[in-house]
$ cat coords.cif   # mmCIF, C-alpha atoms
data_upload
loop_
_atom_site.label_atom_id
_atom_site.label_comp_id
_atom_site.auth_asym_id
_atom_site.auth_seq_id
_atom_site.Cartn_x
_atom_site.Cartn_y
_atom_site.Cartn_z
CA MET A 30 58.57 50.99 159.36
CA PRO A 31 59.53 54.25 157.70
CA GLY A 32 60.12 54.91 154.04
CA LEU A 33 57.49 52.84 152.28
CA ALA A 34 57.83 54.30 148.82
CA GLY A 35 58.34 51.55 146.31
CA SER A 36 57.64 48.84 148.88
CA ASN A 37 54.95 46.16 148.83
CA HIS A 38 52.94 47.74 151.62
CA PRO A 39 49.45 48.80 150.55
CA ARG A 40 48.76 52.49 150.45
CA PRO A 41 46.87 53.82 153.43
CA ALA A 42 43.16 54.43 153.61
CA ARG A 43 44.17 57.93 154.54
CA LEU A 44 47.39 59.82 154.92
CA PRO A 45 48.29 60.90 158.48
CA THR A 46 46.40 64.14 157.95
CA ARG A 47 44.99 64.29 161.46
CA ALA A 48 48.46 64.43 162.92
CA VAL A 49 49.58 67.32 160.74
CA GLY A 50 46.33 69.23 160.33
CA TYR A 51 45.32 71.39 163.25
CA ARG A 52 42.02 73.18 163.07
CA SER A 53 42.79 75.09 166.23
CA GLY A 54 46.15 73.69 167.35
CA ARG A 55 49.45 75.52 167.61
CA LYS A 56 51.93 72.69 167.20
CA VAL A 57 54.11 72.40 164.10
CA HIS A 58 55.79 69.10 163.23
CA GLY A 59 58.13 70.86 160.85
CA SER A 60 59.61 67.79 159.17
CA VAL A 61 56.76 65.93 157.46
CA CYS A 62 57.95 63.56 154.72
CA LEU A 63 57.77 59.85 153.99
CA ALA A 64 60.69 59.11 156.32
CA SER A 65 58.70 60.62 159.21
CA VAL A 66 55.92 58.04 158.82
CA VAL A 67 55.67 54.64 160.48
CA VAL A 68 53.13 51.94 159.66
CA THR A 69 51.59 49.86 162.44
CA GLN A 70 50.72 46.17 162.21
CA THR A 71 47.13 47.19 161.48
CA LEU A 72 48.32 49.42 158.60
CA ASP A 73 47.68 52.72 160.34
CA TRP A 74 50.03 55.43 159.15
CA LYS A 75 51.39 57.53 162.01
CA LEU A 76 53.83 60.39 162.30
CA HIS A 77 57.05 60.08 164.24
CA ALA A 78 60.39 61.97 164.15
CA PHE A 79 59.22 64.82 166.36
CA ASP A 80 62.70 66.30 166.70
CA CYS A 81 61.53 69.56 165.15
CA LEU A 82 58.19 69.77 166.92
CA SER A 83 57.65 73.31 168.13
CA GLU A 84 55.01 75.72 169.32
CA PHE A 85 53.59 78.11 166.76
CA ASP A 86 53.52 81.46 168.49
CA ALA A 87 52.42 84.14 166.06
CA ASN A 88 52.61 86.76 168.80
CA ASN A 89 56.35 86.28 169.15
CA GLU A 90 58.00 88.93 167.02
CA ALA A 91 61.52 87.76 167.80
CA SER A 92 63.41 86.16 164.93
CA GLY A 93 64.85 83.63 167.36
CA SER A 94 61.65 81.55 167.40
CA PRO A 95 62.15 77.93 168.57
CA MET A 96 60.85 76.85 165.17
CA LEU A 97 63.72 78.59 163.40
CA GLN A 98 66.27 77.29 165.87
CA LEU A 99 65.41 73.74 164.78
CA GLU A 100 65.01 74.30 161.04
CA TRP A 101 68.56 73.07 160.37
CA LEU A 102 67.33 69.55 161.16
CA VAL A 103 65.05 69.63 158.11
CA GLY A 104 66.42 68.62 154.72
CA THR A 105 66.69 71.56 152.34
CA GLN A 106 64.52 69.82 149.73
CA TYR A 107 61.62 69.64 152.22
CA LYS A 108 61.62 73.29 153.28
CA PRO A 109 59.01 75.73 151.96
CA MET A 110 60.37 79.05 150.77
CA GLU A 111 59.47 80.94 153.96
CA LEU A 112 61.41 78.44 156.08
CA THR A 113 64.37 78.38 153.69
CA LYS A 114 64.69 82.14 154.06
CA SER A 115 64.14 81.90 157.82
CA GLY A 116 61.51 84.55 157.31
CA TRP A 117 59.78 84.59 160.65
CA ALA A 118 57.91 87.76 159.74
CA SER A 119 56.27 85.82 156.90
CA ILE A 120 55.80 82.61 158.89
CA ARG A 121 54.04 84.26 161.83
CA LYS A 122 51.44 85.76 159.47
CA SER A 123 50.68 82.34 157.97
CA PRO A 124 48.26 79.69 159.26
CA PRO A 125 49.88 77.35 161.82
CA TRP A 126 49.50 74.41 159.43
CA ALA A 127 51.25 76.05 156.45
CA ILE A 128 54.68 74.46 156.94
CA ASP A 129 53.24 71.00 157.59
CA SER A 130 50.93 71.35 154.58
CA TRP A 131 54.03 71.76 152.45
CA GLY A 132 55.58 68.72 154.12
CA LEU A 133 52.48 66.65 153.40
CA GLY A 134 52.80 67.61 149.75
CA CYS A 135 56.39 66.32 149.85
CA LEU A 136 55.18 63.08 151.44
CA ILE A 137 52.58 62.59 148.70
CA TYR A 138 55.22 63.16 146.02
CA GLU A 139 57.54 60.54 147.56
CA LEU A 140 54.71 58.07 148.07
CA PHE A 141 53.56 58.05 144.46
CA SER A 142 56.89 58.63 142.73
CA GLY A 143 58.49 55.79 144.66
CA ALA A 144 61.62 57.84 145.25
CA LYS A 145 62.99 60.13 147.92
CA LEU A 146 62.62 63.81 147.11
CA ALA A 147 66.03 65.01 145.93
CA ARG A 148 65.30 68.63 145.05
CA THR A 149 62.45 71.00 145.84
CA GLU A 150 62.04 71.59 142.10
CA ASP A 151 61.06 67.93 141.63
CA LEU A 152 57.74 68.66 143.33
CA GLN A 153 56.65 70.30 140.07
CA ASN A 154 56.81 66.93 138.32
CA THR A 155 53.26 65.67 138.80
CA THR A 156 53.25 62.76 136.33
CA SER A 157 53.03 60.20 139.15
CA ILE A 158 50.33 62.02 141.15
CA PRO A 159 46.81 60.58 140.61
CA LYS A 160 44.62 63.04 138.73
CA SER A 161 41.96 62.91 141.43
CA LEU A 162 44.55 63.94 144.02
CA LEU A 163 46.35 66.55 141.92
CA PRO A 164 44.23 69.62 142.84
CA ALA A 165 44.71 68.99 146.57
CA TYR A 166 48.42 68.27 146.02
CA GLN A 167 48.87 71.60 144.29
CA ARG A 168 47.00 73.44 147.04
CA LEU A 169 49.24 71.86 149.69
CA LEU A 170 52.28 73.18 147.82
CA ASN A 171 50.95 76.65 147.10
CA SER A 172 53.79 79.18 147.14
CA THR A 173 51.63 81.49 149.25
CA PRO A 174 51.46 79.98 152.77
CA SER A 175 48.06 81.45 153.58
CA ARG A 176 46.53 79.69 150.56
CA ARG A 177 47.74 76.20 151.43
CA LEU A 178 45.17 73.52 152.15
CA ASN A 179 44.78 72.57 155.80
CA PRO A 180 45.82 68.88 155.93
CA SER A 181 42.85 68.08 158.15
CA GLU A 182 40.59 69.04 155.23
CA LEU A 183 42.38 66.90 152.67
CA ILE A 184 40.08 63.89 153.00
CA ASP A 185 36.94 65.94 152.37
CA ASN A 186 38.41 68.01 149.55
CA SER A 187 39.86 65.34 147.29
CA GLU A 188 38.07 62.84 145.05
CA PHE A 189 40.99 60.49 145.61
CA PHE A 190 39.66 59.59 149.06
CA GLN A 191 36.05 59.08 147.98
CA ASN A 192 36.11 55.28 147.88
CA LYS A 193 34.77 52.25 149.74
CA LEU A 194 37.94 51.80 151.76
CA VAL A 195 37.85 55.28 153.28
CA GLU A 196 34.07 55.24 153.69
CA THR A 197 34.22 51.89 155.50
CA PHE A 198 36.76 52.97 158.08
CA GLN A 199 35.18 56.38 158.56
CA PHE A 200 31.91 54.61 159.37
CA MET A 201 33.59 52.23 161.82
CA GLU A 202 35.40 55.08 163.56
CA ALA A 203 32.05 56.80 164.13
CA LEU A 204 30.19 53.59 164.92
CA ASN A 205 29.06 54.72 168.36
CA LEU A 206 27.30 57.69 166.75
CA LYS A 207 25.26 55.58 164.31
CA ASP A 208 21.75 54.34 165.00
CA ASN A 209 20.85 50.64 165.02
CA ILE A 210 19.37 50.71 161.51
CA GLU A 211 22.57 52.20 160.05
CA LYS A 212 24.73 49.69 161.92
CA ASP A 213 22.62 46.73 160.85
CA SER A 214 22.73 47.81 157.20
CA PHE A 215 26.49 48.37 157.36
CA PHE A 216 27.34 44.98 158.87
CA ARG A 217 25.07 43.14 156.42
CA LYS A 218 26.99 44.68 153.51
CA LEU A 219 30.44 44.44 155.09
CA SER A 220 31.33 41.03 153.69
CA ASP A 221 30.63 42.17 150.12
CA ILE A 222 32.61 45.36 150.71
CA ALA A 223 35.55 43.35 152.04
CA GLU A 224 35.78 41.45 148.75
CA GLN A 225 36.59 44.74 147.01
CA LEU A 226 39.49 45.53 149.35
CA PRO A 227 43.13 44.41 148.98
CA ARG A 228 43.80 41.25 150.98
CA GLU A 229 46.38 42.96 153.20
CA ILE A 230 43.87 45.65 154.12
CA PHE A 231 41.24 43.02 154.86
CA LEU A 232 43.59 40.84 156.89
CA LYS A 233 45.57 43.41 158.86
CA LYS A 234 43.14 46.30 159.14
CA LEU A 235 39.47 45.45 158.67
CA LEU A 236 39.37 42.15 160.52
CA PRO A 237 41.19 43.36 163.68
CA VAL A 238 38.98 46.47 163.79
CA LEU A 239 35.85 44.36 163.49
CA ALA A 240 37.04 41.79 166.05
CA SER A 241 37.61 44.55 168.59
CA SER A 242 34.43 46.43 167.72
CA PRO A 243 32.35 47.49 170.74
CA GLU A 244 29.32 46.37 168.73
CA LEU A 245 30.31 42.77 169.45
CA ASP A 246 30.41 43.51 173.16
CA SER A 247 26.96 45.07 172.95
CA ALA A 248 25.58 41.91 171.37
CA ALA A 249 25.04 42.96 167.76
CA ALA A 250 24.29 39.70 165.96
CA THR A 251 24.82 41.24 162.53
CA ALA A 252 28.34 42.30 163.54
CA LEU A 253 29.08 38.76 164.70
CA SER A 254 27.72 37.30 161.46
CA ALA A 255 30.00 39.62 159.51
CA LEU A 256 32.99 38.61 161.63
CA LEU A 257 32.33 34.90 161.13
CA LYS A 258 31.79 35.30 157.40
CA LEU A 259 34.99 37.30 156.97
CA GLY A 260 36.88 34.97 159.27
CA SER A 261 35.97 31.99 157.10
CA ARG A 262 38.38 33.31 154.46
CA LEU A 263 41.38 32.96 156.75
CA PRO A 264 43.77 30.02 157.05
CA ALA A 265 43.18 28.02 160.23
CA ASP A 266 46.19 29.44 162.07
CA GLN A 267 45.20 33.04 161.31
CA PHE A 268 41.58 32.37 162.26
CA SER A 269 42.71 31.06 165.66
CA ILE A 270 44.72 34.22 166.29
CA LYS A 271 42.52 36.96 164.86
CA VAL A 272 38.95 35.72 165.32
CA LEU A 273 38.67 32.82 167.74
CA PRO A 274 39.44 34.76 170.98
CA THR A 275 36.53 37.10 170.24
CA ILE A 276 34.20 34.19 169.54
CA VAL A 277 35.09 32.44 172.80
CA LYS A 278 34.43 35.65 174.73
CA LEU A 279 31.01 36.06 173.11
CA PHE A 280 29.77 32.71 174.40
CA ALA A 281 29.31 34.47 177.74
CA SER A 282 26.67 36.75 176.20
CA ASN A 283 23.10 36.26 177.39
CA ASP A 284 21.68 37.65 174.17
CA ARG A 285 19.71 34.98 172.32
CA ALA A 286 20.56 36.42 168.89
CA ILE A 287 24.28 36.20 169.64
CA ARG A 288 23.93 32.69 171.08
CA ALA A 289 21.90 31.50 168.09
CA CYS A 290 24.43 32.95 165.66
CA LEU A 291 27.32 31.23 167.44
CA LEU A 292 25.56 27.87 167.53
CA GLN A 293 24.46 28.09 163.89
CA HIS A 294 28.08 28.57 162.80
CA ILE A 295 29.75 26.26 165.30
CA VAL A 296 30.66 23.73 162.61
CA GLN A 297 32.71 26.49 160.99
CA PHE A 298 34.95 27.17 163.98
CA GLY A 299 34.38 24.27 166.38
CA GLU A 300 37.41 22.29 165.25
CA SER A 301 39.63 25.28 166.03
CA LEU A 302 38.61 25.22 169.69
CA SER A 303 40.92 23.33 172.02
CA ASP A 304 39.50 20.66 174.33
CA GLN A 305 40.36 22.74 177.39
CA THR A 306 38.72 25.87 175.97
CA VAL A 307 35.53 23.97 175.20
CA ASP A 308 35.41 22.25 178.58
CA GLU A 309 36.21 25.31 180.70
CA GLN A 310 35.09 28.39 178.74
CA VAL A 311 32.55 27.42 176.10
CA TYR A 312 30.45 24.52 177.39
CA PRO A 313 29.43 26.12 180.74
CA HIS A 314 27.74 28.93 178.81
CA VAL A 315 26.34 26.76 176.03
CA ALA A 316 24.81 24.36 178.56
CA THR A 317 22.38 27.04 179.74
CA GLY A 318 20.67 26.63 176.37
CA PHE A 319 19.48 23.11 177.26
CA SER A 320 16.89 24.62 179.59
CA ASP A 321 16.13 27.73 177.55
CA THR A 322 12.44 28.52 177.19
CA THR A 323 12.86 28.97 173.43
CA VAL A 324 12.61 25.73 171.46
CA SER A 325 14.95 26.95 168.72
CA ILE A 326 17.74 27.62 171.24
CA ARG A 327 17.31 24.18 172.81
CA LYS A 328 17.51 22.59 169.35
CA LEU A 329 20.63 24.55 168.41
CA THR A 330 22.26 23.75 171.75
CA LEU A 331 21.56 20.05 171.27
CA LYS A 332 22.89 20.11 167.72
CA SER A 333 26.08 21.89 168.82
CA MET A 334 26.98 18.90 170.99
CA LEU A 335 27.87 16.95 167.85
CA VAL A 336 30.86 19.31 167.61
CA LEU A 337 31.53 20.10 171.27
CA GLU A 338 30.91 16.78 173.04
CA PRO A 339 34.04 15.00 171.67
CA LYS A 340 36.10 17.78 173.28
CA LEU A 341 34.50 17.48 176.73
CA SER A 342 36.13 15.68 179.64
CA GLN A 343 34.58 12.47 180.96
CA SER A 344 33.79 14.31 184.17
CA THR A 345 31.83 17.04 182.38
CA ILE A 346 29.93 14.47 180.32
CA SER A 347 28.87 12.34 183.28
CA ARG A 348 28.24 15.12 185.80
CA SER A 349 26.64 17.72 183.53
CA LEU A 350 25.88 16.81 179.94
CA LEU A 351 24.07 13.54 180.61
CA LYS A 352 21.87 15.20 183.22
CA TYR A 353 20.77 17.84 180.74
CA LEU A 354 20.16 15.24 178.05
CA SER A 355 18.05 13.11 180.38
CA LYS A 356 15.66 16.04 180.72
CA LEU A 357 15.58 16.59 176.97
CA LEU A 358 14.49 12.96 176.48
CA VAL A 359 11.12 14.05 177.88
CA ASP A 360 11.08 17.48 176.22
CA GLU A 361 7.74 18.73 174.93
CA ASP A 362 9.15 18.98 171.40
CA PRO A 363 9.18 15.60 169.56
CA GLY A 364 12.15 16.58 167.41
CA ILE A 365 14.26 17.37 170.46
CA ARG A 366 13.38 14.02 172.08
CA ILE A 367 14.37 12.09 168.95
CA ASN A 368 17.62 14.00 168.40
CA THR A 369 18.54 13.63 172.07
CA ALA A 370 18.24 9.85 171.80
CA ILE A 371 20.39 9.87 168.67
CA LEU A 372 22.98 12.07 170.39
CA LEU A 373 23.12 9.75 173.40
CA GLY A 374 23.89 6.90 171.05
CA ASN A 375 26.72 8.88 169.50
CA ILE A 376 28.06 9.89 172.90
CA ALA A 377 28.44 6.25 173.87
CA ASN A 378 31.37 6.02 171.48
CA HIS A 379 33.28 8.66 173.46
CA MET A 380 32.57 7.40 176.98
CA ASN A 381 34.48 4.92 179.08
CA ASP A 382 32.77 1.59 179.73
CA GLY A 383 31.94 2.37 183.35
CA VAL A 384 29.95 5.49 182.56
CA CYS A 385 28.43 3.99 179.44
CA HIS A 386 27.10 0.87 181.18
CA LYS A 387 26.04 2.52 184.42
CA ASP A 388 24.64 5.94 183.55
CA LEU A 389 23.73 5.87 179.89
CA LEU A 390 21.66 2.71 180.16
CA LEU A 391 19.72 4.15 183.09
CA TYR A 392 18.87 7.30 181.14
CA PHE A 393 17.37 5.24 178.33
CA LEU A 394 15.46 2.93 180.67
CA PHE A 395 13.89 5.52 182.95
CA SER A 396 13.28 8.46 180.64
#
$ encode --input "coords.cif" --output "structure tokens"
Amino acid sequence: MPGLAGSNHPRPARLPTRAVGYRSGRKVHGSVCLASVVVTQTLDWKLHAFDCLSEFDANNEASGSPMLQLEWLVGTQYKPMELTKSGWASIRKSPPWAIDSWGLGCLIYELFSGAKLARTEDLQNTTSIPKSLLPAYQRLLNSTPSRRLNPSELIDNSEFFQNKLVETFQFMEALNLKDNIEKDSFFRKLSDIAEQLPREIFLKKLLPVLASSPELDSAAATALSALLKLGSRLPADQFSIKVLPTIVKLFASNDRAIRACLLQHIVQFGESLSDQTVDEQVYPHVATGFSDTTVSIRKLTLKSMLVLEPKLSQSTISRSLLKYLSKLLVDEDPGIRINTAILLGNIANHMNDGVCHKDLLLYFLFS
């Protein structure tokens, strides 16, 4: 999806600076501009159009450098002075990122002006460039190649990128390096942070990143709570696509905190679960909670049946659920015994007459 200037797509959390900024690399893209950027479905900005990609070899004194052989592919308005003059002697003395730094400056101009760069001279018109980004913009376009800002340092050297959006995704990218206290604090605040972000960023970027977070696989209950809270803002169809698959997968977790969190919020997402998913993928894991040694888990498991039981097959009810409930009728906790009896009464409405008369009556009589 190239050429986003003037479109309705939200601006990126960061420009594709990693792709064009090489701290120790020797590759030169050579044609960085807005038309060389594509935007993924998760709103990541990525470089493409690598037709001019070449090796930066400062030791090559020959004027026939591969970089210069391809420079005709670059629009004149995007060329820095040293490339316009085909001055290899000057280029080889410059940092390897100098040409792409200039291109990134062109990209920034096109992004904020909403128009394709027509002439190199137009880069001097900075009325559309945010003031907080202007110093970095001017350093990228320095007429002296050796003084140009390395694109990889743009994020850290511009106030423009010091905001919640960038901070949030930088934290999530380095999540595996954070300690448990930092992670817990981050996920507890994430829902409030999300309210400050544009809806498109929240929907297409933040939520998919969170749903695929390894923290969910490692049973971080605070991450799951954040996912469920953020997911509650979605329409039902989007929730089923973006959040529900992760939730179903997490039912297989043996972590009590994860299980408790899922059961506490089951009213929120239970209706979105298909009968087959509940019967085959969710219930077998939830059922282990009926015999859990923790009273709170047994209570939550029992309560969840108000949502899950109507979606169970008659076979699962008669062969599994009723057997678990018969044991709960004599549970040591009075509240569980009472609620089990109430649940059995409710279940009778969803059972065929044969099972209801034969099995259910026996459970009440002999428990």
$ atom_distance --input "coords.cif" --atom1 "atom CA of His58 of chain A" --atom2 "atom CA of Gly143 of chain A"
23.0 Å
$ residues_around --input "coords.cif" --residues "segment 159-175 of chain A" --least-positions-apart "3" --cutoff "10 Å" --atoms "all atoms listed in the file" --output "ChimeraX atom specification"
/A:109-111,119-120,122-135,137-138,141,152-153,155-156,178-180,182-184,186-191
$ write_last_selection --input "coords.cif" --atoms "C-alpha atoms" --output "mmCIF file, in the coordinates of the input"
data_model
loop_
_atom_site.group_PDB
_atom_site.id
_atom_site.type_symbol
_atom_site.label_atom_id
_atom_site.label_comp_id
_atom_site.auth_asym_id
_atom_site.auth_seq_id
_atom_site.Cartn_x
_atom_site.Cartn_y
_atom_site.Cartn_z
ATOM 1 C CA PRO A 109 59.010 75.730 151.960
ATOM 2 C CA MET A 110 60.370 79.050 150.770
ATOM 3 C CA GLU A 111 59.470 80.940 153.960
ATOM 4 C CA SER A 119 56.270 85.820 156.900
ATOM 5 C CA ILE A 120 55.800 82.610 158.890
ATOM 6 C CA LYS A 122 51.440 85.760 159.470
ATOM 7 C CA SER A 123 50.680 82.340 157.970
ATOM 8 C CA PRO A 124 48.260 79.690 159.260
ATOM 9 C CA PRO A 125 49.880 77.350 161.820
ATOM 10 C CA TRP A 126 49.500 74.410 159.430
ATOM 11 C CA ALA A 127 51.250 76.050 156.450
ATOM 12 C CA ILE A 128 54.680 74.460 156.940
ATOM 13 C CA ASP A 129 53.240 71.000 157.590
ATOM 14 C CA SER A 130 50.930 71.350 154.580
ATOM 15 C CA TRP A 131 54.030 71.760 152.450
ATOM 16 C CA GLY A 132 55.580 68.720 154.120
ATOM 17 C CA LEU A 133 52.480 66.650 153.400
ATOM 18 C CA GLY A 134 52.800 67.610 149.750
ATOM 19 C CA CYS A 135 56.390 66.320 149.850
ATOM 20 C CA ILE A 137 52.580 62.590 148.700
ATOM 21 C CA TYR A 138 55.220 63.160 146.020
ATOM 22 C CA PHE A 141 53.560 58.050 144.460
ATOM 23 C CA LEU A 152 57.740 68.660 143.330
ATOM 24 C CA GLN A 153 56.650 70.300 140.070
ATOM 25 C CA THR A 155 53.260 65.670 138.800
ATOM 26 C CA THR A 156 53.250 62.760 136.330
ATOM 27 C CA LEU A 178 45.170 73.520 152.150
ATOM 28 C CA ASN A 179 44.780 72.570 155.800
ATOM 29 C CA PRO A 180 45.820 68.880 155.930
ATOM 30 C CA GLU A 182 40.590 69.040 155.230
ATOM 31 C CA LEU A 183 42.380 66.900 152.670
ATOM 32 C CA ILE A 184 40.080 63.890 153.000
ATOM 33 C CA ASN A 186 38.410 68.010 149.550
ATOM 34 C CA SER A 187 39.860 65.340 147.290
ATOM 35 C CA GLU A 188 38.070 62.840 145.050
ATOM 36 C CA PHE A 189 40.990 60.490 145.610
ATOM 37 C CA PHE A 190 39.660 59.590 149.060
ATOM 38 C CA GLN A 191 36.050 59.080 147.980
#
$ resolve_selection --input "coords.cif" --expression "the PyMOL selection byres ((chain A and resi 298) around 12)" --output "PyMOL selection string"
chain A and resi 256-258+260-266+268-269+272-277+291-297+299-303+307+333+336-337
$ closest_residue --input "coords.cif" --among "A:Asp80, A:Lys356, A:Val61, A:Ser347" --to "Phe319 of chain A" --atoms "only C-alpha atoms"
A:Lys356
$ atom_distance --input "coords.cif" --atom1 "atom CA of Tyr353 of chain A" --atom2 "atom CA of Ala286 of chain A"
22.0 Å
